[in-house]
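See below for structure_25.cif, which holds mmCIF, C-alpha atoms and all ligand atoms.
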data_protein
#
loop_
_atom_site.label_atom_id
_atom_site.label_comp_id
_atom_site.auth_asym_id
_atom_site.auth_seq_id
_atom_site.Cartn_x
_atom_site.Cartn_y
_atom_site.Cartn_z
CA MET A 1 17.38 124.40 67.77
CA VAL A 2 15.88 124.41 71.23
CA ARG A 3 15.97 127.71 73.09
CA ALA A 4 16.39 127.90 76.85
CA GLY A 5 13.08 128.80 78.43
CA GLU A 6 10.95 127.26 75.67
CA PRO A 7 7.64 126.20 77.28
CA VAL A 8 7.36 122.50 77.90
CA SER A 9 4.30 120.76 79.30
CA GLY A 10 3.53 117.18 80.26
CA VAL A 11 6.33 114.82 79.41
CA THR A 12 9.44 115.90 77.55
CA ILE A 13 11.61 113.08 76.24
CA ALA A 14 15.01 114.74 76.09
CA THR A 15 17.41 113.26 73.57
CA SER A 16 20.23 115.74 74.14
CA LEU A 17 21.69 117.61 77.09
CA GLU A 18 20.71 120.89 75.46
CA ARG A 19 17.07 119.78 75.20
CA ALA A 20 17.00 118.56 78.80
CA LEU A 21 18.45 121.84 80.11
CA ALA A 22 16.02 123.86 77.99
CA ALA A 23 13.12 121.88 79.43
CA LEU A 24 14.41 122.53 82.97
CA ALA A 25 14.74 126.27 82.33
CA VAL A 26 10.95 126.65 82.46
CA ASP A 27 9.37 127.85 85.73
CA PRO A 28 8.23 125.67 87.43
CA ALA A 29 10.88 123.23 86.28
CA PRO A 30 9.67 119.74 85.41
CA THR A 31 10.76 116.77 87.51
CA VAL A 32 13.69 114.78 86.16
CA LEU A 33 12.98 111.11 85.47
CA ALA A 34 15.93 108.76 84.92
CA GLY A 35 15.48 105.04 85.72
CA GLY A 36 12.31 105.77 87.69
CA THR A 37 13.13 103.26 90.44
CA ASP A 38 12.68 105.93 93.13
CA LEU A 39 10.42 108.45 91.43
CA MET A 40 7.83 106.01 90.04
CA VAL A 41 7.54 104.31 93.44
CA GLU A 42 6.88 107.69 95.08
CA LEU A 43 4.30 108.60 92.42
CA ASN A 44 2.59 105.22 92.60
CA LEU A 45 2.35 105.44 96.39
CA GLY A 46 1.02 109.00 96.17
CA HIS A 47 3.96 110.35 98.21
CA ARG A 48 4.83 112.82 95.49
CA ARG A 49 2.94 114.70 92.78
CA VAL A 50 4.57 116.21 89.74
CA ALA A 51 3.12 118.63 87.19
CA SER A 52 5.48 117.72 84.36
CA VAL A 53 8.41 115.44 83.72
CA VAL A 54 11.57 115.47 81.61
CA THR A 55 12.99 112.02 80.93
CA VAL A 56 16.77 111.93 80.63
CA ASN A 57 17.58 108.27 80.02
CA ARG A 58 18.03 108.95 76.28
CA VAL A 59 20.49 111.82 76.78
CA PRO A 60 23.79 110.53 75.34
CA GLU A 61 25.91 112.98 77.40
CA LEU A 62 24.56 111.38 80.60
CA ARG A 63 25.15 107.85 79.33
CA THR A 64 28.91 108.23 78.87
CA TRP A 65 31.86 107.54 81.16
CA ARG A 66 35.52 108.43 80.73
CA HIS A 67 38.73 107.27 82.32
CA ASP A 68 41.50 109.87 82.28
CA ALA A 69 44.61 107.76 82.87
CA ALA A 70 46.92 110.78 83.09
CA ALA A 71 44.78 112.62 85.66
CA ARG A 72 43.83 109.29 87.32
CA THR A 73 40.15 110.22 87.39
CA LEU A 74 36.95 108.51 86.34
CA PHE A 75 33.93 110.49 85.11
CA LEU A 76 30.59 108.70 85.30
CA GLY A 77 27.62 110.26 83.55
CA ALA A 78 24.53 110.54 85.73
CA GLY A 79 22.71 108.02 83.54
CA ILE A 80 25.21 105.22 84.09
CA THR A 81 23.31 102.37 85.73
CA TYR A 82 24.30 100.32 88.74
CA ASP A 83 24.46 97.30 86.45
CA GLU A 84 27.18 99.01 84.37
CA ILE A 85 29.03 100.14 87.51
CA SER A 86 29.00 96.61 88.91
CA ARG A 87 30.89 95.22 85.89
CA ASP A 88 34.23 95.85 84.22
CA PRO A 89 35.72 98.11 83.03
CA ILE A 90 34.17 100.50 85.60
CA ALA A 91 34.38 97.92 88.41
CA THR A 92 38.18 97.75 88.21
CA LEU A 93 38.52 101.53 88.21
CA ALA A 94 36.12 102.14 91.11
CA PRO A 95 36.00 98.87 93.09
CA ALA A 96 34.05 100.18 96.11
CA LEU A 97 31.42 101.73 93.86
CA ALA A 98 31.09 98.38 92.09
CA GLN A 99 30.70 96.61 95.43
CA ALA A 100 28.00 99.07 96.46
CA ALA A 101 26.30 98.69 93.05
CA ARG A 102 26.09 94.92 93.49
CA THR A 103 24.12 95.40 96.73
CA VAL A 104 21.48 97.64 95.10
CA GLY A 105 18.04 96.04 94.73
CA SER A 106 17.82 93.19 92.22
CA PRO A 107 19.23 92.69 88.69
CA GLN A 108 16.10 94.35 87.26
CA ILE A 109 16.50 97.39 89.53
CA ARG A 110 20.23 97.64 88.78
CA HIS A 111 19.55 97.71 85.03
CA ALA A 112 17.32 100.79 85.45
CA ALA A 113 18.71 102.56 88.54
CA THR A 114 21.28 105.26 87.85
CA ILE A 115 24.00 106.88 89.91
CA GLY A 116 22.39 110.25 89.10
CA GLY A 117 19.10 109.04 90.51
CA ASN A 118 20.81 107.91 93.71
CA LEU A 119 22.28 111.42 94.01
CA GLY A 120 18.95 113.04 93.08
CA THR A 121 17.10 111.15 95.80
CA ALA A 122 19.93 111.79 98.29
CA SER A 123 18.65 109.25 100.79
CA PRO A 124 21.11 108.69 103.65
CA ALA A 125 20.60 104.99 102.82
CA GLY A 126 21.57 105.36 99.13
CA ASP A 127 24.30 102.77 98.62
CA GLY A 128 26.36 104.77 96.15
CA LEU A 129 26.64 107.80 98.38
CA PRO A 130 29.07 106.60 101.10
CA VAL A 131 31.42 105.59 98.29
CA LEU A 132 31.21 109.00 96.64
CA ALA A 133 31.81 110.59 100.06
CA ALA A 134 34.85 108.44 100.84
CA LEU A 135 36.29 109.04 97.37
CA GLU A 136 35.66 112.79 97.78
CA ALA A 137 33.81 112.84 94.47
CA THR A 138 32.89 115.96 92.56
CA VAL A 139 29.27 116.32 91.42
CA HIS A 140 28.81 118.11 88.08
CA LEU A 141 25.65 120.19 87.70
CA ALA A 142 24.44 121.98 84.59
CA ALA A 143 21.67 124.46 83.83
CA ALA A 144 20.84 126.42 80.69
CA THR A 145 22.58 129.36 82.37
CA GLY A 146 25.85 127.60 83.21
CA THR A 147 27.59 124.74 84.97
CA ARG A 148 29.09 124.24 88.41
CA ASP A 149 31.06 121.55 90.23
CA VAL A 150 30.15 120.73 93.82
CA PRO A 151 32.29 118.63 96.18
CA PHE A 152 30.21 115.68 97.35
CA ALA A 153 30.68 116.87 100.94
CA ASP A 154 28.62 119.97 100.08
CA PHE A 155 26.03 118.28 97.86
CA CYS A 156 23.62 116.72 100.38
CA THR A 157 22.19 119.20 102.87
CA GLY A 158 19.80 116.88 104.73
CA PRO A 159 17.75 113.72 104.29
CA LYS A 160 16.65 113.77 100.61
CA ARG A 161 17.81 117.37 100.26
CA THR A 162 20.61 118.66 98.06
CA VAL A 163 22.03 121.93 96.75
CA ARG A 164 20.68 121.15 93.25
CA ARG A 165 18.40 123.92 91.95
CA PRO A 166 15.21 122.86 90.12
CA ASP A 167 16.65 124.12 86.81
CA GLU A 168 19.83 122.07 87.22
CA LEU A 169 20.58 118.59 85.97
CA ILE A 170 23.11 116.30 87.59
CA VAL A 171 25.39 115.61 84.65
CA GLY A 172 27.72 113.18 86.40
CA VAL A 173 30.39 112.63 89.02
CA THR A 174 34.16 112.46 88.94
CA VAL A 175 36.05 110.19 91.32
CA PRO A 176 39.79 109.78 91.72
CA GLU A 177 41.57 106.54 90.94
CA LEU A 178 43.37 105.66 94.17
CA ASP A 179 46.25 103.31 94.85
CA GLY A 180 45.01 101.07 97.63
CA PHE A 181 42.16 99.05 99.11
CA GLN A 182 38.55 100.12 98.61
CA GLY A 183 35.57 98.40 100.17
CA TYR A 184 31.85 98.89 100.73
CA THR A 185 29.72 96.82 103.05
CA LYS A 186 26.24 97.13 104.51
CA VAL A 187 23.90 95.53 106.99
CA GLY A 188 20.20 95.05 106.28
CA THR A 189 17.33 92.93 107.47
CA ARG A 190 18.10 90.33 104.79
CA ASN A 191 20.75 89.69 102.16
CA ALA A 192 19.12 91.08 99.01
CA MET A 193 16.59 93.75 97.98
CA VAL A 194 17.19 95.60 101.20
CA ILE A 195 17.60 99.19 102.29
CA SER A 196 20.67 99.37 104.48
CA ILE A 197 20.40 99.69 108.26
CA ALA A 198 24.03 100.74 108.28
CA GLY A 199 26.59 100.98 105.50
CA ALA A 200 30.26 101.91 105.32
CA CYS A 201 32.84 102.60 102.66
CA LEU A 202 36.56 102.64 103.41
CA VAL A 203 39.18 103.71 100.90
CA THR A 204 42.94 103.89 101.33
CA ASP A 205 45.55 105.68 99.30
CA ARG A 206 49.11 104.40 99.62
CA VAL A 207 50.49 107.45 97.81
CA SER A 208 49.08 110.10 100.17
CA ARG A 209 48.88 107.58 103.07
CA ARG A 210 45.30 108.60 103.75
CA ILE A 211 42.40 106.48 104.94
CA ARG A 212 38.84 107.70 104.47
CA ILE A 213 35.62 106.23 105.78
CA ALA A 214 32.04 107.30 105.09
CA LEU A 215 28.88 105.98 106.70
CA GLY A 216 25.37 105.49 105.35
CA SER A 217 22.04 105.18 107.19
CA VAL A 218 23.46 106.41 110.50
CA GLY A 219 22.79 110.14 110.15
CA PRO A 220 20.66 112.67 108.28
CA THR A 221 23.20 112.56 105.44
CA VAL A 222 26.18 110.37 104.68
CA LEU A 223 28.80 111.05 107.37
CA ARG A 224 32.60 110.99 107.36
CA ALA A 225 34.53 110.04 110.53
CA PRO A 226 37.61 112.31 110.40
CA GLU A 227 38.91 111.43 113.87
CA ALA A 228 38.84 107.73 113.02
CA GLU A 229 40.46 108.41 109.65
CA ALA A 230 43.38 110.23 111.33
CA LEU A 231 43.72 107.52 113.99
CA ALA A 232 43.94 104.77 111.36
CA ALA A 233 46.29 106.64 109.02
CA ALA A 234 48.70 107.29 111.90
CA GLY A 235 48.36 103.80 113.40
CA VAL A 236 48.68 101.36 110.49
CA ASP A 237 52.01 100.10 109.21
CA TRP A 238 51.82 101.32 105.61
CA ASP A 239 54.99 99.54 104.49
CA ALA A 240 54.08 96.12 105.87
CA GLY A 241 50.35 96.49 105.26
CA ARG A 242 49.58 95.69 108.89
CA ALA A 243 47.16 96.93 111.54
CA THR A 244 47.06 95.69 115.11
CA ASP A 245 43.90 94.22 116.62
CA ASP A 246 43.90 97.09 119.14
CA LEU A 247 43.93 99.65 116.33
CA VAL A 248 41.12 97.87 114.49
CA ARG A 249 38.99 97.85 117.68
CA GLU A 250 39.76 101.49 118.47
CA PHE A 251 39.01 102.47 114.88
CA GLY A 252 35.61 100.76 115.08
CA ARG A 253 34.79 102.52 118.36
CA THR A 254 35.84 105.91 116.99
CA VAL A 255 33.76 105.41 113.85
CA GLY A 256 30.78 104.42 116.02
CA ALA A 257 31.19 107.62 118.04
CA ALA A 258 30.94 109.67 114.83
CA ALA A 259 27.59 108.10 113.89
CA ARG A 260 24.34 110.01 114.53
CA PRO A 261 21.79 107.22 114.17
CA ILE A 262 18.09 107.28 114.96
CA ASP A 263 15.58 104.64 116.01
CA ASP A 264 13.14 103.78 113.25
CA HIS A 265 11.08 100.85 111.98
CA ARG A 266 14.19 99.18 110.54
CA ALA A 267 16.56 99.30 113.55
CA THR A 268 17.36 101.01 116.81
CA ALA A 269 20.01 103.71 117.02
CA ALA A 270 22.05 101.49 119.36
CA TYR A 271 22.03 98.61 116.86
CA ARG A 272 23.00 100.94 114.03
CA ARG A 273 25.93 102.36 116.01
CA HIS A 274 27.11 98.86 116.89
CA ALA A 275 26.70 97.71 113.27
CA VAL A 276 28.76 100.57 111.92
CA GLU A 277 31.52 99.89 114.48
CA VAL A 278 31.71 96.29 113.31
CA LEU A 279 31.59 97.20 109.60
CA ALA A 280 34.34 99.78 110.02
CA GLY A 281 36.60 97.36 111.90
CA ARG A 282 36.07 94.67 109.26
CA LEU A 283 36.89 97.07 106.44
CA LEU A 284 40.10 98.25 108.10
CA ARG A 285 41.10 94.62 108.70
CA ARG A 286 40.46 93.81 105.04
CA ALA A 287 42.57 96.78 103.99
CA PHE A 288 45.40 95.80 106.35
CA PRO A 289 45.05 92.02 106.70
CA ASN A 290 48.11 91.25 108.80
CA ASP A 291 48.56 91.80 112.51
C1 LIG A 301 12.81 97.43 94.69
C2 LIG A 301 13.82 98.54 94.89
C3 LIG A 301 15.00 98.26 95.53
C4 LIG A 301 15.94 99.29 95.73
N1 LIG A 301 17.11 98.98 96.37
C5 LIG A 301 18.03 99.93 96.56
C6 LIG A 301 19.26 99.62 97.23
O1 LIG A 301 19.52 98.49 97.62
N2 LIG A 301 20.15 100.65 97.40
C7 LIG A 301 19.91 101.93 96.95
O2 LIG A 301 20.76 102.79 97.12
N3 LIG A 301 18.76 102.23 96.33
C8 LIG A 301 17.81 101.28 96.13
N4 LIG A 301 16.64 101.60 95.51
C9 LIG A 301 16.40 102.97 95.13
C10 LIG A 301 16.79 103.36 93.69
O3 LIG A 301 16.92 102.20 92.87
C11 LIG A 301 18.11 104.14 93.65
O4 LIG A 301 18.07 105.27 94.48
C12 LIG A 301 18.47 104.54 92.21
O5 LIG A 301 19.82 104.93 92.15
C13 LIG A 301 17.59 105.67 91.66
O6 LIG A 301 17.98 105.91 90.31
P1 LIG A 301 16.90 106.15 89.16
O7 LIG A 301 17.66 106.38 87.92
O8 LIG A 301 15.89 105.06 89.13
O9 LIG A 301 16.24 107.50 89.70
P2 LIG A 301 14.80 108.13 89.44
O10 LIG A 301 13.78 107.36 90.20
O11 LIG A 301 14.56 108.32 88.00
O12 LIG A 301 15.03 109.56 90.13
C14 LIG A 301 15.29 109.65 91.50
C15 LIG A 301 15.38 111.12 91.90
O13 LIG A 301 16.52 111.72 91.33
C16 LIG A 301 16.16 112.77 90.44
N5 LIG A 301 17.08 112.63 89.30
C17 LIG A 301 17.35 111.51 88.59
N6 LIG A 301 18.31 111.74 87.68
C18 LIG A 301 18.66 113.04 87.81
C19 LIG A 301 19.58 113.89 87.14
N7 LIG A 301 20.40 113.46 86.17
N8 LIG A 301 19.65 115.19 87.53
C20 LIG A 301 18.85 115.65 88.52
N9 LIG A 301 17.97 114.91 89.20
C21 LIG A 301 17.87 113.61 88.83
C22 LIG A 301 14.69 112.55 90.11
O14 LIG A 301 14.02 113.76 89.82
C23 LIG A 301 14.19 111.95 91.40
O15 LIG A 301 13.93 112.94 92.35
C24 LIG A 301 15.68 100.60 95.29
C25 LIG A 301 14.48 100.87 94.62
C26 LIG A 301 13.55 99.86 94.42
C27 LIG A 301 12.26 100.18 93.70
#

Can I see the file as structure tokens?
Ligand SMILES: Cc1cc2nc3c(=O)[nH]c(=O)nc-3n(C[C@H](O)[C@H](O)[C@H](O)COP(=O)(O)OP(=O)(O)OC[C@H]3O[C@@H](n4cnc5c(N)ncnc54)[C@H](O)[C@@H]3O)c2cc1C
Amino acid sequence: MVRAGEPVSGVTIATSLERALAALAVDPAPTVLAGGTDLMVELNLGHRRVASVVTVNRVPELRTWRHDAAARTLFLGAGITYDEISRDPIATLAPALAQAARTVGSPQIRHAATIGGNLGTASPAGDGLPVLAALEATVHLAAATGTRDVPFADFCTGPKRTVRRPDELIVGVTVPELDGFQGYTKVGTRNAMVISIAGACLVTDRVSRRIRIALGSVGPTVLRAPEAEALAAAGVDWDAGRATDDLVREFGRTVGAAARPIDDHRATAAYRRHAVEVLAGRLLRRAFPND
């Protein structure tokens, strides 16, 4: 039996959720290591130093996923990899997340990289994050002292900053199963192994007649574009599955206006804004193919 607060030093290889949470209950809490595709790069480059580490890739509770057909929800444990997300059965249940997963790094990276690690890093360029934002996912956090659920909209507080406390583990995320188109697309400097210059996820729900779009790499955190969402939901023909060219153009412009991009070594702010306008228009056209 592992007691919360038991001293842990160096590397703890957690093989249960209880053990991982007990390790994290020590002050200062060790750093969580999942696939290591972000953390090991930072350590190797000397951008980050850690006193101790708890590895979580052998925690069975984080390696599970569940589809609740009655509630129409999908729970993904934090340790589910992008490779698993990119394939069925998860790909059919969360198509945009699968599309985003297929754009992450290379096959080797996707086999190690986890959705929990993407959330833990909380880069505005993280490819999974616009999808979680558009799906209005819930992030599940646990500590030895208790659990809490955080709406994705409240999870990221700035570039690489989140509401997660050092003693908390990201256990997983829950996303709804929607009835309608879902798509993720991104622009980078090349086609593979690339951090996005701009990314966008659009999801539609024919039942609630809602359209949601979230943007990556064009702000300090992933951004939603509520004005554009309302414009599209009111403007498309839900029954015929149509959107006019004018609406698609106006939607793109309104999404671009919601972006808060910066100039950096990868792209100018102006290019990023233009890119996100184009991506948004393309996604709406894919969702409503007929004019
Ligand atoms: C060559 C290369 C290409 C890449 N390409 C892409 C790309 O195209 N798109 C993209 O989005 N990312 C990319 N990445 C970044 C990285 O693969 C992803 O962010 C990945 O999801 C990180 O997951 P991980 O399991 O490896 O996290 P780790 O490196 O293990 O951890 C990342 C951070 O999250 C924390 N953490 C991990 N799991 C948990 C948990 N359960 N609870 C609390 N905190 C946790 C860690 O402490 C750390 O701070 C790339 C990385 C490399 C090296």

- Message: Taking all atoms listed in the file into account, which residues have an atom no farther than 8 Å from ligand LIG 301 (chain A)? I'd like them as an MDAnalysis selection string.
- Response: chainID A and resid 31:41 56 62 78:79 81:82 101 103:106 109:110 112:123 125:129 141 164 168:172 192:196

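Taking only C-alpha atoms into account, the polymer residues that have an atom no farther than 12 Å from (55.3, 100.6, 100.3) are Asp179, Gly180, Asp205, Arg206, Val207, Ser208, Arg209, Asp237, Trp238, Asp239, Ala240, Gly241 and Arg242 of chain A.
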
Each residue of segment 227-247 of chain A with at least one atom at most 7 Å from segment 211-218 of chain A should appear once, together with its nearest atom pair and the corresponding distance in Å (one decimal); atoms considered: only C-alpha atoms; ordering: chain, then increasing residue number; output as JSON lines.
{"residue": "A:Glu229", "atom": "CA", "partner": "A:Ile211", "partner_atom": "CA", "distance": 5.4}
{"residue": "A:Ala232", "atom": "CA", "partner": "A:Ile211", "partner_atom": "CA", "distance": 6.8}
{"residue": "A:Ala233", "atom": "CA", "partner": "A:Ile211", "partner_atom": "CA", "distance": 5.6}

For C-alpha atoms, I'd like the residues from the last selection saved as a JSON list (two decimals), in the frame of the given file.
[["chain", "number", "residue", "atom", "x", "y", "z"],
["A", 229, "GLU", "CA", 40.46, 108.41, 109.65],
["A", 232, "ALA", "CA", 43.94, 104.77, 111.36],
["A", 233, "ALA", "CA", 46.29, 106.64, 109.02]]

- Just how far from atom CA of Ala142 of chain A is atom CA of Arg224 of chain A, in Å to one decimal?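 Atom CA of Arg224 of chain A sits 26.6 Å away from atom CA of Ala142 of chain A.
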
- Query: If I put a ball of radius 9 Å at (11.4, 114.6, 77.0) in the file's coordinates, which residues poke into it when counting only C-alpha atoms, written as a ChimeraX atom specification?
  - Reply: /A:8,10-15,19-20,23,53-56,58

- Note on the structure: Judged by all atoms listed in the file, the minimum distance to Arg253 of chain A among A:Arg102, A:Arg49, A:Arg273, A:His67 is found for A:Arg273

- A:Ile197, A:Leu24, A:Ala70, A:Val175: which is nearest Arg266 of chain A, counting all atoms listed in the file?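 When distances to Arg266 of chain A are compared using all atoms listed in the file, the smallest one comes from A:Ile197.
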
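Interatomic distance, atom CA of Leu223 of chain A to atom CA of Glu277 of chain A: 13.5 Å.
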
- Task: Rank A:Ala267, A:Val163, A:Val278, A:Ala133 by their smallest atom-to-atom distance to Pro226 of chain A, using all atoms listed in the file, and report the top residue only.
- Result: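 Once distances to Pro226 of chain A are computed over all atoms listed in the file, the minimum belongs to A:Ala133.
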
- Message: What's the separation between atom CA of Ile80 of chain A and atom CA of Arg286 of chain A, in Å to one decimal place?
- Response: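 Straight-line distance from atom CA of Ile80 of chain A to atom CA of Arg286 of chain A works out to 28.3 Å.
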
- Message: So, with all atoms listed in the file as the atoms that count, which of A:Leu21, A:Ala198, A:Ala71, A:Leu135 lies closest to Asp167 of chain A?
- Response: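 Selected residue with least distance to Asp167 of chain A: A:Leu21.
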
- Task: Would you mind listing what lies within 6 Å of Phe75 of chain A as a VMD selection string, with all atoms listed in the file counted and same-chain residues fewer than 3 positions away left out?
- Result: chain A and resid 65 to 66 173 to 174

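Closest approach to Ala96 of chain A among A:Val236, A:Ala137, A:Cys201, A:Ala22 is made by A:Cys201 (distances from all atoms listed in the file).
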
- Closest to Ala69 of chain A among A:Ile90, A:Glu18, A:Glu177, A:Cys156, using all atoms listed in the file? A:Glu177

- Query: So which residues touch Thr244 of chain A within 9 Å, counting all atoms listed in the file, skipping near sequence neighbours fewer than 4 positions away, as an MDAnalysis selection string?
  - Reply: chainID A and resid 235:237 248:249 285 288 290:291

- Item | Shell of 8 Å around Ile262 of chain A, all atoms listed in the file, local chain residues under 3 positions omitted, as number ranges by chain | A: 218-219, 268-269

Where's the centre, and what are the edge lengths in Å to one decimal, of a box along x, y and z enclosing all listed atoms of segment 221-230 of chain A padded 8 Å per side, as lines of an AutoDock Vina configuration file?
center_x = 33.3
center_y = 110.1
center_z = 109.3
size_x = 36.2
size_y = 20.8
size_z = 25.2

Can you take the partial segment 104-120 of chain A, add N, CA, C and O atoms, and return it as a tab-separated table (two decimals), in the frame of the given file?
chain	number	residue	atom	x	y	z
A	104	VAL	N	22.71	96.86	95.36
A	104	VAL	CA	21.48	97.64	95.10
A	104	VAL	C	20.40	96.72	94.54
A	104	VAL	O	20.60	96.06	93.52
A	105	GLY	N	19.25	96.69	95.22
A	105	GLY	CA	18.04	96.04	94.73
A	105	GLY	C	18.28	94.66	94.14
A	105	GLY	O	18.91	93.80	94.75
A	106	SER	N	17.76	94.47	92.93
A	106	SER	CA	17.82	93.19	92.22
A	106	SER	C	18.43	93.47	90.84
A	106	SER	O	18.61	94.64	90.47
A	107	PRO	N	18.71	92.43	90.04
A	107	PRO	CA	19.23	92.69	88.69
A	107	PRO	C	18.34	93.65	87.91
A	107	PRO	O	18.83	94.54	87.20
A	108	GLN	N	17.02	93.47	88.02
A	108	GLN	CA	16.10	94.35	87.26
A	108	GLN	C	16.26	95.80	87.70
A	108	GLN	O	16.30	96.72	86.86
A	109	ILE	N	16.34	96.02	89.01
A	109	ILE	CA	16.50	97.39	89.53
A	109	ILE	C	17.84	97.95	89.06
A	109	ILE	O	17.93	99.09	88.60
A	110	ARG	N	18.89	97.15	89.15
A	110	ARG	CA	20.23	97.64	88.78
A	110	ARG	C	20.33	98.02	87.31
A	110	ARG	O	21.11	98.87	86.94
A	111	HIS	N	19.54	97.38	86.46
A	111	HIS	CA	19.55	97.71	85.03
A	111	HIS	C	18.92	99.08	84.78
A	111	HIS	O	19.23	99.73	83.79
A	112	ALA	N	18.01	99.51	85.65
A	112	ALA	CA	17.32	100.79	85.45
A	112	ALA	C	17.90	101.90	86.33
A	112	ALA	O	17.98	103.06	85.91
A	113	ALA	N	18.31	101.56	87.53
A	113	ALA	CA	18.71	102.56	88.54
A	113	ALA	C	20.03	103.22	88.16
A	113	ALA	O	20.99	102.53	87.81
A	114	THR	N	20.08	104.52	88.27
A	114	THR	CA	21.28	105.26	87.85
A	114	THR	C	21.98	105.89	89.06
A	114	THR	O	21.36	106.14	90.11
A	115	ILE	N	23.24	106.19	88.86
A	115	ILE	CA	24.00	106.88	89.91
A	115	ILE	C	23.44	108.30	90.10
A	115	ILE	O	23.37	108.82	91.21
A	116	GLY	N	23.00	108.92	89.00
A	116	GLY	CA	22.39	110.25	89.10
A	116	GLY	C	21.11	110.23	89.90
A	116	GLY	O	20.82	111.16	90.66
A	117	GLY	N	20.34	109.17	89.74
A	117	GLY	CA	19.10	109.04	90.51
A	117	GLY	C	19.37	108.84	91.99
A	117	GLY	O	18.65	109.37	92.85
A	118	ASN	N	20.42	108.09	92.30
A	118	ASN	CA	20.81	107.91	93.71
A	118	ASN	C	21.18	109.25	94.33
A	118	ASN	O	20.78	109.58	95.45
A	119	LEU	N	21.91	110.08	93.54
A	119	LEU	CA	22.28	111.42	94.01
A	119	LEU	C	21.04	112.32	94.08
A	119	LEU	O	20.91	113.12	95.02
A	120	GLY	N	20.15	112.19	93.10
A	120	GLY	CA	18.95	113.04	93.08
A	120	GLY	C	18.06	112.76	94.26
A	120	GLY	O	17.50	113.68	94.87
